[in-house]
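Colleague: This is the structure, below, for whatever I ask next.
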Amino acid sequence: MKKAFLIFMISIMAAAAFSGCAQEEKFVGSKDTPGFGYDMQIYQTVDEIKDRSAAIVIASYSSDPTECYEKDEGTGMELYATRYTLDVEKVLKGDLAEADQITFMQTGKPDSDEYETKIKKGKKYLLFLAQKDVSLTGGEIIYDAVGVEQGIIEIKENNKLYSYYDEGIMTKYDGESLSKLAAEIK
């Protein structure tokens with residue numbers, strides 16, 4: 001009886017390990033920040049997120065981001081954003097060129113993943129970019145990610161992908177090669 005119970009317990013533990021229960025839980029700033037959240041579309045296909053993107057690039061940054069601050073006079077709400085200068089390495093969609101530098105912004109302070117999980121210095125990303133309305137940016141061309149973290153996919157050293165969001169189509173590519181997703185974007 002003890003042997004049967006032991007075999008049963010081992011099989012349960014093995015099933016749990018191989019079923020995905022052991023996957024790393026992601027902190028998603030736009031969802032996991034207490035008292036904050038976005039009401040946004042969850043993209044279910046590559047075509048959906050691609051069609052919403054003004055550009056799709058592989059990019060990184062090496063200079064420190066800057067913190068932007070604004071206080072809404074009407075509500076008194078303090079608004080923080082992080083501004084990056086990204087170096088474009090490859091263009092998969094859009095009018096940008098390799099070696100271009102673009103301005104990219106995320107909600108929240110640079111040293112915190114609250115409000116939005118931030119891109120990190122020294123890492124490379126596949127970014128689905130939306131261009132902000134130039135009438136709101138003083139004519140400056142500024143990008144942010146389509147679907148907040150849904151449009152941010154880290155490219156690990158072995159060209160494997162790691163999405164910054166925990167729902168939608170991009171989670172399907174976690175651990176997959178960059179070439180697999182790039183082929184679907186083209």
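Identifiers in the structure tokens: chain A, B, ... in order shown; residue index from 1 per chain; ligand index from 1 in order shown.
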With a distance cut-off of 12 Å and only C-alpha atoms, select the neighbouring residues of region 135-139 of chain A, excluding the residue or stretch itself and same-chain residues fewer than 3 positions from it, and output the selection as a PyMOL selection string.
Modeller: chain A and resi 103+105+131-132+142-143
Colleague: Within 9 Å of Thr82 (chain A), counting only C-alpha atoms, which residues show up once you throw out same-chain ones fewer than 3 positions away? Write them as an MDAnalysis selection string, please.
Modeller: chainID A and resid 65:69 104:110 118
Colleague: If DSSP is run on the backbone, what residues of region 6-106 of chain A are helix (DSSP H, G or I)? A reply as a ChimeraX atom specification would be ideal.
Modeller: /A:6-18,29-32,46-51
Colleague: Next, write the just-selected residues to a file, as an mmCIF file, in the first residue's frame, keeping N, CA and C atoms as the atom set.
Modeller:
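Dumped to again_39.cif:
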```cif
data_model
loop_
_atom_site.group_PDB
_atom_site.id
_atom_site.type_symbol
_atom_site.label_atom_id
_atom_site.label_comp_id
_atom_site.auth_asym_id
_atom_site.auth_seq_id
_atom_site.Cartn_x
_atom_site.Cartn_y
_atom_site.Cartn_z
ATOM 1 N N LEU A 6 3.212 5.981 -2.736
ATOM 2 C CA LEU A 6 4.430 6.673 -3.129
ATOM 3 C C LEU A 6 4.460 6.869 -4.647
ATOM 4 N N ILE A 7 4.116 5.852 -5.411
ATOM 5 C CA ILE A 7 4.084 5.962 -6.867
ATOM 6 C C ILE A 7 3.039 6.993 -7.292
ATOM 7 N N PHE A 8 1.882 6.966 -6.626
ATOM 8 C CA PHE A 8 0.819 7.931 -6.923
ATOM 9 C C PHE A 8 1.306 9.357 -6.679
ATOM 10 N N MET A 9 1.948 9.613 -5.551
ATOM 11 C CA MET A 9 2.423 10.959 -5.215
ATOM 12 C C MET A 9 3.500 11.431 -6.203
ATOM 13 N N ILE A 10 4.398 10.548 -6.575
ATOM 14 C CA ILE A 10 5.449 10.907 -7.529
ATOM 15 C C ILE A 10 4.830 11.272 -8.876
ATOM 16 N N SER A 11 3.823 10.500 -9.300
ATOM 17 C CA SER A 11 3.187 10.798 -10.582
ATOM 18 C C SER A 11 2.445 12.130 -10.536
ATOM 19 N N ILE A 12 1.824 12.480 -9.409
ATOM 20 C CA ILE A 12 1.143 13.775 -9.263
ATOM 21 C C ILE A 12 2.163 14.911 -9.344
ATOM 22 N N MET A 13 3.282 14.772 -8.654
ATOM 23 C CA MET A 13 4.308 15.821 -8.668
ATOM 24 C C MET A 13 4.902 15.967 -10.068
ATOM 25 N N ALA A 14 5.129 14.874 -10.766
ATOM 26 C CA ALA A 14 5.675 14.937 -12.118
ATOM 27 C C ALA A 14 4.684 15.610 -13.052
ATOM 28 N N ALA A 15 3.407 15.279 -12.929
ATOM 29 C CA ALA A 15 2.376 15.894 -13.777
ATOM 30 C C ALA A 15 2.309 17.397 -13.543
ATOM 31 N N ALA A 16 2.409 17.816 -12.298
ATOM 32 C CA ALA A 16 2.375 19.245 -11.982
ATOM 33 C C ALA A 16 3.587 19.959 -12.567
ATOM 34 N N ALA A 17 4.742 19.331 -12.482
ATOM 35 C CA ALA A 17 5.969 19.946 -12.996
ATOM 36 C C ALA A 17 5.918 20.120 -14.510
ATOM 37 N N PHE A 18 5.331 19.150 -15.204
ATOM 38 C CA PHE A 18 5.303 19.204 -16.662
ATOM 39 C C PHE A 18 4.072 19.897 -17.218
ATOM 40 N N GLY A 29 3.199 45.299 -14.607
ATOM 41 C CA GLY A 29 2.960 46.581 -13.951
ATOM 42 C C GLY A 29 1.597 47.182 -14.213
ATOM 43 N N SER A 30 1.103 47.062 -15.463
ATOM 44 C CA SER A 30 -0.184 47.672 -15.791
ATOM 45 C C SER A 30 -1.356 46.931 -15.163
ATOM 46 N N LYS A 31 -1.135 45.707 -14.704
ATOM 47 C CA LYS A 31 -2.198 44.923 -14.063
ATOM 48 C C LYS A 31 -1.969 44.726 -12.571
ATOM 49 N N ASP A 32 -0.706 44.640 -12.162
ATOM 50 C CA ASP A 32 -0.379 44.248 -10.791
ATOM 51 C C ASP A 32 -0.071 45.407 -9.857
ATOM 52 N N VAL A 46 -1.228 37.552 -34.056
ATOM 53 C CA VAL A 46 -0.108 38.394 -34.477
ATOM 54 C C VAL A 46 -0.616 39.483 -35.420
ATOM 55 N N ASP A 47 -1.533 39.139 -36.308
ATOM 56 C CA ASP A 47 -2.068 40.137 -37.246
ATOM 57 C C ASP A 47 -2.756 41.292 -36.531
ATOM 58 N N GLU A 48 -3.487 41.009 -35.441
ATOM 59 C CA GLU A 48 -4.155 42.081 -34.691
ATOM 60 C C GLU A 48 -3.157 43.099 -34.151
ATOM 61 N N ILE A 49 -2.123 42.615 -33.476
ATOM 62 C CA ILE A 49 -1.158 43.546 -32.868
ATOM 63 C C ILE A 49 -0.289 44.199 -33.946
ATOM 64 N N LYS A 50 0.016 43.465 -35.002
ATOM 65 C CA LYS A 50 0.794 44.024 -36.115
ATOM 66 C C LYS A 50 0.024 45.151 -36.796
ATOM 67 N N ASP A 51 -1.274 44.947 -37.028
ATOM 68 C CA ASP A 51 -2.087 45.962 -37.697
ATOM 69 C C ASP A 51 -2.234 47.234 -36.865
#
```
Colleague: So that I can check the secondary structure, give me every residue of region 86-144 of chain A assigned strand (DSSP E or B) by backbone DSSP, as a ChimeraX atom specification.
Modeller: /A:86-93,101-107,124-131,142-144
Colleague: Which of these, A:Ile42, A:Ala183, A:Val91, A:Ile58, has the shortest distance to Leu127 (chain A) once you count only C-alpha atoms?
Modeller: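 Between A:Ile42, A:Ala183, A:Val91, A:Ile58, the residue approaching Leu127 (chain A) most closely is A:Ile58.
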Colleague: Determine the nearest neighbour of Glu149 (chain A) from the options A:Ser179, A:Gln101, A:Thr171, A:Thr117, counting only C-alpha atoms.
Modeller: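 Closest to Glu149 (chain A), using only C-alpha atoms: A:Thr117.
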Colleague: Please, what distance in Å, to one decimal, runs between CA of Gly35 (chain A) and CA of Met77 (chain A)?
Modeller: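 Computing the Euclidean distance for CA of Gly35 (chain A) and CA of Met77 (chain A) yields 13.5 Å.
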Colleague: Residues at most 9 Å from Gly147 (chain A), counting only C-alpha atoms, excluding those fewer than 5 positions away in the same chain, as a ChimeraX atom specification?
Modeller: /A:40-43,49,128,130,152
Colleague: For the residues selected in the previous step, produce a file with C-alpha atoms as a tab-separated table (two decimals), in the first residue's frame.
Modeller:
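Saved file result.tsv follows:
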```
chain	number	residue	atom	x	y	z
A	40	MET	CA	-7.41	47.68	-23.16
A	41	GLN	CA	-7.80	45.14	-25.90
A	42	ILE	CA	-5.99	41.83	-25.39
A	43	TYR	CA	-4.50	40.89	-28.76
A	49	ILE	CA	-1.16	43.55	-32.87
A	128	PHE	CA	5.33	46.75	-31.45
A	130	ALA	CA	2.29	53.03	-31.59
A	152	ILE	CA	7.18	44.46	-25.48
```
Colleague: Rounded to one decimal in Å, what is the spacing between CA of Glu89 (chain A) and CA of Ala54 (chain A)?
Modeller: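 Computing it gives 16.5 Å between the two atoms.
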Colleague: Quick one: pull the distance between CA of Ser63 (chain A) and CA of Glu25 (chain A), Å, one decimal.
Modeller: 29.2 Å
Colleague: Here is a test: counting only C-alpha atoms, which residue of A:Lys180, A:Lys121, A:Lys160, A:Lys90 is nearest to Ser62 (chain A)?
Modeller: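 Nearest candidate to Ser62 (chain A) out of A:Lys180, A:Lys121, A:Lys160, A:Lys90: A:Lys121.
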Colleague: I want to know what sits within 8 Å of Glu70 (chain A), based on only C-alpha atoms, with residues of the same chain fewer than 2 positions away left out; could you give that as a list in words?
Modeller: Cys68, Asp72, Glu78, Leu79 and Tyr80 of chain A
Colleague: If you count only C-alpha atoms, which residues fall within 12 Å of Pro34 (chain A), apart from same-chain ones fewer than 6 positions away, as a ChimeraX atom specification?
Modeller: /A:27-28,113-116
